[in-house]
Structures are given as C-alpha cells and as structure tokens.
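Student: This structure is in structure tokens; I'll ask about it shortly.
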Amino acid sequence: MDAGMSSPEKQDKDNLVGINKKQLGVCGWILFSISFLLMIITFPISIWMCLKIIKEYERAVVFRLGRIQANKAKGPGLILVLPCIDVFVKVDLRTVTCNIPPQEILTRDSVTTQVDGVVYYRIYSAVSAVANVNDVHQATFLLAQTTLRNVLGTQTLSQILAGREEIAHSIQTLLDDATELWGIRVARVEIKDVRIPVQLQRSMAAEAEATREARARVLAAEGEMNASKSLKSASMVLSESPIALQLRYLQTLTTVATEKNSTIVFPLPMNILEGIGGISYDNNHKKVNDRA
C-alpha cells in the first residue's frame with residue numbers, strides 16, 4: 001500500500017471519487033519529461049495548444065496518464081495541458097433545469113393519476129460528477145422520475161392535492177441524499193400538475209356541490225331559528241306596551257309610502273275592529289227594541 005494511504009477506508013473513499021494518490025512511476029515521469037520537452041521544442045506554436053481557457057462557471061478535470069491531477073478540478077482562468085499525456089473534461093457548474101415528463105401513478109387509494117414536475121440541481125463537485133457516474137445529467141433525470149413515482153405511490157389522491165409542498169420537500173431530500181456521491185446538490189423540486197380522470201373530476205365536483213348545498217341548508221335553518229327567536233322576543237316586548245304596536249304600524253306605513261307605491265295597505269289592530277263590530281251590533285239591537 002502506498003505511504004499516502006493511512007487506512008483501507010480512506011483508500012476506498014478516494015477511489016470512490018476517482019482519486020488515486022499513487023505517483024506516476026518511472027514510466028510516467030519519462031513520458032512527462034518527453035511531453036514537456038516536446039512543448040519546449042515546439043514553442044511558441046505549442047503554447048496555443050497547451051493553454052486552455054476555463055470560464056467562470058466551468059471547471060476542468062484534468063487526467064494525466066489516466067489519473068486525476070491535484071485531486072480537484074482546475075479553473076476558472078488559464079490552465080496548462082501537456083500534449084499527449086493530459087486529457088481534460090469541462091464541467092458546467094450552473095443550475096440545471098430537469099423537466100420530469102408526466103408519470104402515470106397509482107395512488108394508495110387505487111386512483112390513476114398523471115403527475116409531472118421539475119427539478120433544479122447543480123454540480124458542486126466536478127471530480128465526483130466525472131469520475132463516479134458515466135452521464136450525471138441522465139442519471140439524475142432517471143432517478144428523479146423513479147423517486148417521483150415511488151413517493152407519490154405511497155400517498156392518497158387527497159394528500160397529493162393538498163400537500164404538494166411537503167411531497168416536493170421529501171422528494172428533494174431523497175434526491176439530494178442519493179446524488180451526493182455524484183457531486184450533485186438538488187436545489188428545489190416542484191410538482192407542476194396533477195391530472196386525474198374526467199369521470200373522477202365530475203364525481204369530485206358533484207360531491208363538492210352536494211357538500212356546499214348541505215352547508216347552505218344548515219345555515220338557512222340556523223338563520224330561520226335565530227329570526228324566530230328574535231320575533232318571539234319582539235312580540236313579548238310589544239305585548240307589554242300596546243302603544244308600541246301602534247308606533248310600529250305607523251313606522252311601517254312610512255316605509256311603504258317612501259317607495260312611491262300606488263297602493264298603500266294600512267293595517268288595523270284586531271281589537272279596534274272588534275270594538276267597531278261591537279258598537280254596530282249594540283246600535284242595531286237598540287233600534288230593533290225601539291221599533292218594537
């Protein structure tokens with residue numbers, strides 16, 4: 001084992017990210033010397049081939065004789081690539097948008113739905129993204145689809161419709177843990193649309209309408225009950241003072257007259273009508289007795 005390897009665990013960790021701390025060896029140093037000498041002989045023509053420009057949002061993973069150099073990516077700026085023995089791979093560190101196509105999912109309550117979403121992620125370790133996975137973007141895309149189906153398959157339809165933020169957060173956590181070895185950091189996951197069958201939409205609409213109608217009937221019944229209690233209280237107050245009933249009649253008459261109606265109905269108390277009826281009966285009875 002090389003002197004730089006303190007334990008088997010450290011060696012496995014270094015190999016996991018594609019880093020090998022072994023030196024070039026005798027043949028490697030010979031090839032390095034020949035390449036460097038060739039660059040000097042062909043100077044200044046070779047300088048245009050050996051100097052590479054790495055942009056601010058990019059990093060370069062340099063392989064020298066198949067081994068990653070400096071255990072980290074280089075850049076941004078100018079880097080030196082020796083001819084014949086150095087190969088470099090550019091890695092973009094900007095945030096990538098991954099659109100998840102509609103996935104047909106069977107929920108926990110046996111409802112078939114189609115759900116699509118979007119994942120925002122970025123590469124934070126260029127060495128891991130190059131050394132640990134063949135195509136980091138394709139691998140993240142396929143993993144996002146699988147994770148979306150697995151997570152939504154454990155939820156009911158009502159939970160999916162009501163708890164999108166919690167579901168998106170759980171998907172983000174699972175993706176972030178799974179892609180950590182690939183040098184990926186998931187920034188955000190969003191569920192864009194949940195499509196349900198048309199028949200189920202109609203059933204849900206009918207159920208919601210029935211619920212609203214039942215609630216409206218309950219509210220109307222409560223209103224009638226409160227109105228009857230108020231009328232009972234008002235009748236008890238009016239019964240204590242007969243003149244108050246006359247004032248109420250006059251107020252109602254004023255309200256009707258202000259609306260410019262052609263017909264005005266003037267209510268009379270029943271006791272007045274009974275009094276008038278009693279007087280007419282007594283007068284007629286007296287006239288009959290006088291004639292007799």
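Chain labels run A, B, ... following the order of the structure tokens; each chain numbers its residues from 1, and ligands are numbered from 1 in the order shown.
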Give me, as a JSON list (two decimals) with N, CA, C and O atoms, in the first residue's frame, all polymer residues having an atom no more than 10 Å from Thr147 in chain A, counting only C-alpha atoms and skipping those fewer than 5 positions away in the same chain.

Tutor:
[["chain", "number", "residue", "atom", "x", "y", "z"],
["A", 142, "LEU", "N", -33.24, 10.20, -14.64],
["A", 142, "LEU", "CA", -33.92, 8.92, -14.41],
["A", 142, "LEU", "C", -34.22, 8.71, -12.93],
["A", 142, "LEU", "O", -35.29, 8.19, -12.57],
["A", 152, "LEU", "N", -45.04, 9.36, -4.63],
["A", 152, "LEU", "CA", -46.48, 9.59, -4.83],
["A", 152, "LEU", "C", -47.28, 8.31, -4.75],
["A", 152, "LEU", "O", -48.48, 8.36, -4.46],
["A", 153, "GLY", "N", -46.66, 7.16, -4.99],
["A", 153, "GLY", "CA", -47.38, 5.90, -4.87],
["A", 153, "GLY", "C", -47.78, 5.56, -3.45],
["A", 153, "GLY", "O", -48.66, 4.73, -3.23],
["A", 170, "SER", "N", -39.96, 16.21, 0.47],
["A", 170, "SER", "CA", -39.48, 14.84, 0.70],
["A", 170, "SER", "C", -38.75, 14.30, -0.52],
["A", 170, "SER", "O", -37.71, 13.62, -0.39],
["A", 171, "ILE", "N", -39.25, 14.60, -1.73],
["A", 171, "ILE", "CA", -38.56, 14.17, -2.95],
["A", 171, "ILE", "C", -37.19, 14.83, -3.04],
["A", 171, "ILE", "O", -36.19, 14.20, -3.41],
["A", 172, "GLN", "N", -37.12, 16.12, -2.71],
["A", 172, "GLN", "CA", -35.83, 16.82, -2.74],
["A", 172, "GLN", "C", -34.83, 16.20, -1.78],
["A", 172, "GLN", "O", -33.65, 16.02, -2.12],
["A", 174, "LEU", "N", -34.74, 13.06, -0.67],
["A", 174, "LEU", "CA", -34.31, 11.76, -1.19],
["A", 174, "LEU", "C", -33.33, 11.91, -2.35],
["A", 174, "LEU", "O", -32.32, 11.19, -2.42],
["A", 175, "LEU", "N", -33.62, 12.82, -3.27],
["A", 175, "LEU", "CA", -32.72, 13.03, -4.40],
["A", 175, "LEU", "C", -31.37, 13.57, -3.95],
["A", 175, "LEU", "O", -30.32, 13.16, -4.46]]

Student: Using DSSP on the backbone, list every residue of range 76-267 of chain A that comes out as helix (DSSP H, G or I), and give them as JSON, numbers by chain.

Tutor: {"A": [126, 127, 128, 129, 130, 131, 136, 137, 138, 139, 140, 141, 142, 143, 144, 145, 146, 147, 148, 149, 150, 151, 152, 157, 158, 159, 160, 161, 162, 164, 165, 166, 167, 168, 169, 170, 171, 172, 173, 174, 175, 176, 177, 178, 180, 181, 182, 198, 199, 200, 201, 202, 203, 204, 205, 206, 207, 208, 209, 210, 211, 212, 213, 214, 215, 216, 217, 218, 219, 220, 221, 222, 223, 224, 225, 226, 227, 228, 229, 230, 231, 232, 233, 234, 235, 236, 237, 238, 239, 240, 242, 243, 244, 245, 246, 247, 248, 249, 250, 251, 252, 253, 254, 255, 256, 257]}

Student: Export, as an mmCIF file, in the first residue's frame, the selected residues with C-alpha atoms.

Tutor:
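Produced file part05.cif, reproduced below:
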data_model
loop_
_atom_site.group_PDB
_atom_site.id
_atom_site.type_symbol
_atom_site.label_atom_id
_atom_site.label_comp_id
_atom_site.auth_asym_id
_atom_site.auth_seq_id
_atom_site.Cartn_x
_atom_site.Cartn_y
_atom_site.Cartn_z
ATOM 1 C CA ALA A 126 -16.746 18.364 -10.738
ATOM 2 C CA VAL A 127 -14.413 15.480 -9.878
ATOM 3 C CA SER A 128 -17.228 13.347 -8.448
ATOM 4 C CA ALA A 129 -19.519 14.160 -11.374
ATOM 5 C CA VAL A 130 -16.898 12.969 -13.869
ATOM 6 C CA ALA A 131 -15.353 10.030 -12.011
ATOM 7 C CA VAL A 136 -24.502 12.636 -14.453
ATOM 8 C CA HIS A 137 -27.406 14.521 -16.041
ATOM 9 C CA GLN A 138 -29.075 11.410 -17.465
ATOM 10 C CA ALA A 139 -28.625 9.571 -14.183
ATOM 11 C CA THR A 140 -30.207 12.445 -12.234
ATOM 12 C CA PHE A 141 -33.092 12.636 -14.710
ATOM 13 C CA LEU A 142 -33.919 8.924 -14.410
ATOM 14 C CA LEU A 143 -33.544 8.973 -10.633
ATOM 15 C CA ALA A 144 -35.925 11.942 -10.383
ATOM 16 C CA GLN A 145 -38.594 10.060 -12.345
ATOM 17 C CA THR A 146 -38.257 6.960 -10.187
ATOM 18 C CA THR A 147 -38.299 8.917 -6.932
ATOM 19 C CA LEU A 148 -41.400 10.847 -8.008
ATOM 20 C CA ARG A 149 -43.294 7.615 -8.752
ATOM 21 C CA ASN A 150 -42.171 5.931 -5.535
ATOM 22 C CA VAL A 151 -43.087 8.829 -3.263
ATOM 23 C CA LEU A 152 -46.475 9.594 -4.832
ATOM 24 C CA LEU A 157 -55.152 11.467 -4.004
ATOM 25 C CA SER A 158 -56.346 13.946 -1.393
ATOM 26 C CA GLN A 159 -52.868 14.039 0.169
ATOM 27 C CA ILE A 160 -51.280 14.692 -3.231
ATOM 28 C CA LEU A 161 -53.697 17.538 -3.993
ATOM 29 C CA ALA A 162 -53.424 19.143 -0.550
ATOM 30 C CA ARG A 164 -47.698 19.359 -2.710
ATOM 31 C CA GLU A 165 -45.086 21.327 -0.778
ATOM 32 C CA GLU A 166 -44.462 18.537 1.750
ATOM 33 C CA ILE A 167 -44.230 15.921 -1.018
ATOM 34 C CA ALA A 168 -41.834 18.100 -3.037
ATOM 35 C CA HIS A 169 -39.652 18.591 0.043
ATOM 36 C CA SER A 170 -39.482 14.843 0.701
ATOM 37 C CA ILE A 171 -38.558 14.174 -2.949
ATOM 38 C CA GLN A 172 -35.832 16.824 -2.739
ATOM 39 C CA THR A 173 -34.384 15.216 0.398
ATOM 40 C CA LEU A 174 -34.310 11.755 -1.188
ATOM 41 C CA LEU A 175 -32.718 13.031 -4.401
ATOM 42 C CA ASP A 176 -30.128 15.073 -2.528
ATOM 43 C CA ASP A 177 -29.063 12.067 -0.453
ATOM 44 C CA ALA A 178 -28.904 9.753 -3.486
ATOM 45 C CA GLU A 180 -24.406 13.300 -3.104
ATOM 46 C CA LEU A 181 -21.802 10.792 -4.325
ATOM 47 C CA TRP A 182 -22.250 12.152 -7.856
ATOM 48 C CA VAL A 198 -62.564 13.173 -16.252
ATOM 49 C CA GLN A 199 -65.103 10.881 -14.555
ATOM 50 C CA LEU A 200 -63.340 11.346 -11.243
ATOM 51 C CA GLN A 201 -63.355 15.113 -11.763
ATOM 52 C CA ARG A 202 -67.123 15.029 -12.262
ATOM 53 C CA SER A 203 -67.601 12.871 -9.175
ATOM 54 C CA MET A 204 -65.468 15.217 -7.083
ATOM 55 C CA ALA A 205 -67.373 18.247 -8.418
ATOM 56 C CA ALA A 206 -70.736 16.618 -7.600
ATOM 57 C CA GLU A 207 -69.518 15.743 -4.110
ATOM 58 C CA ALA A 208 -68.293 19.293 -3.516
ATOM 59 C CA GLU A 209 -71.591 20.739 -4.799
ATOM 60 C CA ALA A 210 -73.610 18.458 -2.513
ATOM 61 C CA THR A 211 -71.448 19.481 0.437
ATOM 62 C CA ARG A 212 -71.982 23.173 -0.334
ATOM 63 C CA GLU A 213 -75.750 22.698 -0.665
ATOM 64 C CA ALA A 214 -75.931 20.869 2.658
ATOM 65 C CA ARG A 215 -73.916 23.623 4.303
ATOM 66 C CA ALA A 216 -76.210 26.271 2.793
ATOM 67 C CA ARG A 217 -79.305 24.473 4.115
ATOM 68 C CA VAL A 218 -77.823 24.282 7.580
ATOM 69 C CA LEU A 219 -77.009 27.997 7.513
ATOM 70 C CA ALA A 220 -80.539 28.820 6.274
ATOM 71 C CA ALA A 221 -82.085 26.735 9.051
ATOM 72 C CA GLU A 222 -79.909 28.448 11.645
ATOM 73 C CA GLY A 223 -80.965 31.819 10.232
ATOM 74 C CA GLU A 224 -84.650 30.894 10.466
ATOM 75 C CA MET A 225 -84.185 29.744 14.040
ATOM 76 C CA ASN A 226 -82.438 32.967 15.012
ATOM 77 C CA ALA A 227 -85.137 35.019 13.237
ATOM 78 C CA SER A 228 -87.919 33.181 15.072
ATOM 79 C CA LYS A 229 -86.189 33.790 18.393
ATOM 80 C CA SER A 230 -85.895 37.484 17.559
ATOM 81 C CA LEU A 231 -89.570 37.674 16.559
ATOM 82 C CA LYS A 232 -90.579 35.968 19.785
ATOM 83 C CA SER A 233 -88.586 38.470 21.795
ATOM 84 C CA ALA A 234 -90.103 41.361 19.827
ATOM 85 C CA SER A 235 -93.652 40.069 20.366
ATOM 86 C CA MET A 236 -93.046 39.830 24.088
ATOM 87 C CA VAL A 237 -91.837 43.441 24.172
ATOM 88 C CA LEU A 238 -94.801 44.692 22.108
ATOM 89 C CA SER A 239 -97.293 42.806 24.248
ATOM 90 C CA GLU A 240 -96.137 44.720 27.314
ATOM 91 C CA PRO A 242 -99.895 48.297 23.302
ATOM 92 C CA ILE A 243 -98.940 51.787 22.130
ATOM 93 C CA ALA A 244 -95.634 50.383 20.834
ATOM 94 C CA LEU A 245 -97.560 48.280 18.350
ATOM 95 C CA GLN A 246 -99.308 51.400 17.045
ATOM 96 C CA LEU A 247 -95.954 53.138 16.612
ATOM 97 C CA ARG A 248 -94.665 50.113 14.711
ATOM 98 C CA TYR A 249 -97.673 50.303 12.393
ATOM 99 C CA LEU A 250 -97.002 53.961 11.686
ATOM 100 C CA GLN A 251 -93.317 53.283 11.015
ATOM 101 C CA THR A 252 -94.212 50.516 8.551
ATOM 102 C CA LEU A 253 -96.658 52.827 6.797
ATOM 103 C CA THR A 254 -93.947 55.483 6.442
ATOM 104 C CA THR A 255 -91.550 52.945 4.965
ATOM 105 C CA VAL A 256 -94.113 51.789 2.394
ATOM 106 C CA ALA A 257 -95.017 55.371 1.448
#

Student: Which is closest to Asn99 in chain A among A:Asp135, A:Glu58, A:Asp86, A:Glu190, if we use only C-alpha atoms?

Tutor: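 Checking each of A:Asp135, A:Glu58, A:Asp86, A:Glu190 against Asn99 in chain A, counting only C-alpha atoms, the winner is A:Glu190.
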
Student: Counting only C-alpha atoms, figure out which residue out of A:Val194, A:Thr154, A:Val26, A:Lys55 gets nearest to Ser110 in chain A.

Tutor: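 Distance minimum relative to Ser110 in chain A lands on A:Thr154.
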
Student: Neighbours of Gly66 in chain A within 9 Å (only C-alpha atoms; same-chain residues fewer than 3 positions away dropped), as a PyMOL selection string?

Tutor: chain A and resi 62-63+85-87

Student: Suppose we keep N, CA, C and O atoms; can you now write the selection as a PDB file, in the first residue's frame?

Tutor:
ATOM      1  N   VAL A  62      -8.661  17.422 -15.039  1.00  0.00           N
ATOM      2  CA  VAL A  62      -7.516  17.048 -15.876  1.00  0.00           C
ATOM      3  C   VAL A  62      -7.062  15.639 -15.507  1.00  0.00           C
ATOM      4  O   VAL A  62      -6.817  15.345 -14.330  1.00  0.00           O
ATOM      5  N   PHE A  63      -6.959  14.772 -16.520  1.00  0.00           N
ATOM      6  CA  PHE A  63      -6.446  13.416 -16.358  1.00  0.00           C
ATOM      7  C   PHE A  63      -5.041  13.366 -16.964  1.00  0.00           C
ATOM      8  O   PHE A  63      -4.871  13.641 -18.160  1.00  0.00           O
ATOM      9  N   ILE A  85      -0.217  13.478 -23.017  1.00  0.00           N
ATOM     10  CA  ILE A  85      -0.423  12.765 -21.755  1.00  0.00           C
ATOM     11  C   ILE A  85      -1.575  13.349 -20.932  1.00  0.00           C
ATOM     12  O   ILE A  85      -2.011  12.709 -19.967  1.00  0.00           O
ATOM     13  N   ASP A  86      -2.061  14.535 -21.264  1.00  0.00           N
ATOM     14  CA  ASP A  86      -3.126  15.172 -20.498  1.00  0.00           C
ATOM     15  C   ASP A  86      -4.424  15.202 -21.299  1.00  0.00           C
ATOM     16  O   ASP A  86      -4.417  15.505 -22.509  1.00  0.00           O
ATOM     17  N   VAL A  87      -5.497  14.882 -20.637  1.00  0.00           N
ATOM     18  CA  VAL A  87      -6.849  14.986 -21.200  1.00  0.00           C
ATOM     19  C   VAL A  87      -7.713  15.680 -20.149  1.00  0.00           C
ATOM     20  O   VAL A  87      -7.609  15.367 -18.955  1.00  0.00           O
TER      21      VAL A  87
END

Student: Using CA of Pro44 in chain A and CA of Leu31 in chain A as the two end points, give the distance in Å to one decimal.

Tutor: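 Between CA of Pro44 in chain A and CA of Leu31 in chain A the gap is 20.8 Å.
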
Student: Write out as a count of residues only all residues of range 10-245 of chain A that backbone DSSP assigns to strand (DSSP E).

Tutor: 59

Student: Extract, using only C-alpha atoms, all DNA, RNA and protein residues at most 9 Å from range 96-98 of chain A, discarding same-chain residues fewer than 2 positions from it, and format them as a list in words.

Tutor: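 The filter keeps Leu93, Arg94, Ile100, Gly117, Val118, Val119, Tyr120, Tyr121, Arg122, Ile123, His137, Thr140, Phe141 and Ala144 of chain A.
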
Student: What separation in Å, quoted to one decimal, exists between CA of Leu38 in chain A and CA of Phe88 in chain A?

Tutor: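 Computing the Euclidean distance for CA of Leu38 in chain A and CA of Phe88 in chain A yields 19.1 Å.
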
Student: Find, counting only C-alpha atoms, the residue in A:Ile68, A:Leu106, A:Val61, A:Cys50 that gets nearest to Leu80 in chain A.

Tutor: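 Looking only at the distances to Leu80 in chain A, the closest residue turns out to be A:Cys50.
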
Student: So how many Å separate CA of Ala70 in chain A and CA of Val186 in chain A, to one decimal?

Tutor: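 If I compute the distance from CA of Ala70 in chain A to CA of Val186 in chain A, I get 26.4 Å.
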